[in-house]
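Here is coords_17.cif, consisting of mmCIF, C-alpha atoms, pLDDT in the B column; chains and numbers go by the auth columns:
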```
data_input
#
loop_
_atom_site.group_PDB
_atom_site.id
_atom_site.type_symbol
_atom_site.label_atom_id
_atom_site.label_comp_id
_atom_site.label_asym_id
_atom_site.label_seq_id
_atom_site.Cartn_x
_atom_site.Cartn_y
_atom_site.Cartn_z
_atom_site.B_iso_or_equiv
_atom_site.auth_seq_id
_atom_site.auth_asym_id
ATOM 1 C CA MET A 1 3.695 -9.240 13.100 61.00 1 A
ATOM 2 C CA HIS A 2 1.287 -6.770 11.522 75.00 2 A
ATOM 3 C CA THR A 3 -1.253 -7.526 8.836 84.00 3 A
ATOM 4 C CA ALA A 4 -1.095 -6.001 5.378 83.00 4 A
ATOM 5 C CA ALA A 5 -4.119 -3.818 6.170 85.00 5 A
ATOM 6 C CA GLU A 6 -2.436 -2.385 9.289 87.00 6 A
ATOM 7 C CA LEU A 7 0.784 -1.674 7.400 87.00 7 A
ATOM 8 C CA GLU A 8 -1.146 -0.012 4.568 89.00 8 A
ATOM 9 C CA GLN A 9 -2.994 2.187 7.063 88.00 9 A
ATOM 10 C CA ARG A 10 0.281 3.300 8.660 89.00 10 A
ATOM 11 C CA LEU A 11 1.872 3.886 5.265 90.00 11 A
ATOM 12 C CA ARG A 12 -1.067 5.996 4.051 90.00 12 A
ATOM 13 C CA ALA A 13 -1.011 8.072 7.238 90.00 13 A
ATOM 14 C CA LEU A 14 2.728 8.735 6.887 91.00 14 A
ATOM 15 C CA GLN A 15 2.498 9.596 3.194 91.00 15 A
ATOM 16 C CA ASP A 16 -0.453 11.934 3.728 91.00 16 A
ATOM 17 C CA ALA A 17 1.312 13.714 6.588 91.00 17 A
ATOM 18 C CA ARG A 18 4.511 14.059 4.567 90.00 18 A
ATOM 19 C CA TRP A 19 2.712 15.544 1.554 89.00 19 A
ATOM 20 C CA ARG A 20 0.911 18.027 3.827 91.00 20 A
ATOM 21 C CA GLY A 21 4.241 19.049 5.371 89.00 21 A
ATOM 22 C CA VAL A 22 3.348 17.719 8.825 89.00 22 A
ATOM 23 C CA ARG A 23 5.917 15.731 10.786 89.00 23 A
ATOM 24 C CA GLU A 24 3.555 14.300 13.395 89.00 24 A
ATOM 25 C CA VAL A 25 1.320 11.279 12.806 89.00 25 A
ATOM 26 C CA THR A 26 -1.279 9.563 14.993 85.00 26 A
ATOM 27 C CA VAL A 27 -2.048 5.945 14.135 79.00 27 A
ATOM 28 C CA GLU A 28 -3.982 3.568 16.381 78.00 28 A
ATOM 29 C CA GLY A 29 -3.913 6.104 19.208 86.00 29 A
ATOM 30 C CA LYS A 30 -0.136 6.462 19.156 86.00 30 A
ATOM 31 C CA ARG A 31 1.442 9.787 18.262 90.00 31 A
ATOM 32 C CA VAL A 32 4.828 9.827 16.537 89.00 32 A
ATOM 33 C CA ARG A 33 6.787 12.983 15.758 92.00 33 A
ATOM 34 C CA TYR A 34 9.587 12.845 13.180 90.00 34 A
ATOM 35 C CA GLY A 35 12.554 15.185 13.446 90.00 35 A
ATOM 36 C CA SER A 36 13.007 15.691 9.727 89.00 36 A
ATOM 37 C CA ASP A 37 11.630 14.835 6.315 88.00 37 A
ATOM 38 C CA ALA A 38 14.500 12.383 5.861 89.00 38 A
ATOM 39 C CA GLU A 39 13.329 10.428 8.919 91.00 39 A
ATOM 40 C CA MET A 40 9.831 10.253 7.475 90.00 40 A
ATOM 41 C CA ALA A 41 11.194 9.082 4.115 90.00 41 A
ATOM 42 C CA THR A 42 13.133 6.329 5.899 91.00 42 A
ATOM 43 C CA ALA A 43 10.016 5.261 7.822 91.00 43 A
ATOM 44 C CA ILE A 44 7.974 5.193 4.605 91.00 44 A
ATOM 45 C CA ALA A 45 10.598 3.076 2.836 91.00 45 A
ATOM 46 C CA ASP A 46 10.671 0.687 5.805 91.00 46 A
ATOM 47 C CA LEU A 47 6.886 0.313 5.752 90.00 47 A
ATOM 48 C CA GLU A 48 6.923 -0.278 1.983 89.00 48 A
ATOM 49 C CA ASN A 49 9.514 -3.031 2.446 88.00 49 A
ATOM 50 C CA ARG A 50 7.551 -4.661 5.292 88.00 50 A
ATOM 51 C CA LEU A 51 4.358 -4.507 3.258 86.00 51 A
ATOM 52 C CA SER A 52 6.153 -6.061 0.311 83.00 52 A
ATOM 53 C CA ARG A 53 7.297 -8.986 2.457 84.00 53 A
ATOM 54 C CA VAL A 54 3.817 -9.510 3.905 84.00 54 A
ATOM 55 C CA GLN A 55 2.233 -9.428 0.436 79.00 55 A
ATOM 56 C CA GLY A 56 4.660 -12.003 -0.910 78.00 56 A
ATOM 57 C CA GLY A 57 7.250 -9.855 -2.620 65.00 57 A
ATOM 58 C CA ARG A 58 5.022 -7.442 -4.532 56.00 58 A
ATOM 59 C CA ARG A 59 6.079 -3.859 -4.022 56.00 59 A
ATOM 60 C CA ARG A 60 3.318 -1.310 -4.246 57.00 60 A
ATOM 61 C CA ARG A 61 4.295 2.080 -5.602 67.00 61 A
ATOM 62 C CA VAL A 62 2.286 5.235 -5.284 71.00 62 A
ATOM 63 C CA LEU A 63 3.192 8.071 -7.602 73.00 63 A
ATOM 64 C CA ARG A 64 1.966 11.510 -6.649 76.00 64 A
ATOM 65 C CA ALA A 65 2.404 14.430 -8.949 77.00 65 A
ATOM 66 C CA TYR A 66 3.328 17.841 -7.657 76.00 66 A
ATOM 67 C CA ALA A 67 4.460 21.084 -9.188 75.00 67 A
ATOM 68 C CA VAL A 68 6.832 23.831 -8.105 77.00 68 A
ATOM 69 C CA LYS A 69 6.542 27.338 -9.454 78.00 69 A
ATOM 70 C CA ASP A 70 9.728 29.375 -9.483 70.00 70 A
ATOM 71 C CA LEU A 71 9.197 33.056 -9.062 61.00 71 A
#
```

With the file now loaded, output its structure as structure tokens.
Amino acid sequence: MHTAAELEQRLRALQDARWRGVREVTVEGKRVRYGSDAEMATAIADLENRLSRVQGGRRRRVLRAYAVKDL
């Protein structure tokens, strides 16, 4: 089982990669390439759930604002 700190590190790496539009992440020397954004979203949700269980049921949410300009 992983510690909360390890899960948080993996979660941050996935979220940062997703927001940059990159589908490849390297954590702890292991490189993982996701086929689609949906796969990354599923992995992020899984890590959030695991982290919640490790932390005793608290679910941590990160809200990131972004804007889209229609031309």

Residue contacts of stretch 26-32 of chain A (10 Å, all atoms listed in the file) excluding same-chain residues fewer than 5 positions away, as a ChimeraX atom specification: /A:6,9-11,13-14,17

Shortest interatomic distance to A:Gln15 - which of A:Lys69, A:Arg64, A:Val54, A:His2, counting only C-alpha atoms: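 Using only C-alpha atoms, A:Gln15 sits closest to A:Arg64.
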
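Neighbouring residues of A:Asp37 at 10 Å or closer, counting all atoms listed in the file and skipping chain neighbours under 4 positions away, are Arg18, Gly21, Val22, Arg23, Ala41, Thr42 and Ala43 of chain A.
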
Interatomic distance, atom CA of A:Arg12 to atom CA of A:Arg50 (Å, one decimal):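 Going from atom CA of A:Arg12 over to atom CA of A:Arg50, I get 13.8 Å.
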
One-decimal distance in Å that lies between atom CA of A:Ile44 and atom CA of A:Thr3: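 Here the two named atoms are 16.3 Å from each other.
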
Padding 6 Å on each side, edges along x, y and z: where is the centre of the box around the listed atoms of stretch 9-23 of chain A, and how long are its edges in Å to one decimal? Output it as JSON.
```
{"center_x": 1.5, "center_y": 10.6, "center_z": 6.2, "size_x": 20.9, "size_y": 28.9, "size_z": 21.2}
```

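Computed from the coordinates, the atom CA of A:Arg33 to atom CA of A:Gln55 distance equals 27.5 Å.
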
A:Trp19, A:Ala65, A:Leu51, A:Asp46 ranked by distance to A:Ala5, top pick (using all atoms listed in the file):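 Using all atoms listed in the file, the shortest distance to A:Ala5 belongs to A:Leu51.
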
Option closest in space to A:Glu8, from A:Val25, A:Leu47, A:Ala38, A:Val62 [counting all atoms listed in the file]: A:Leu47
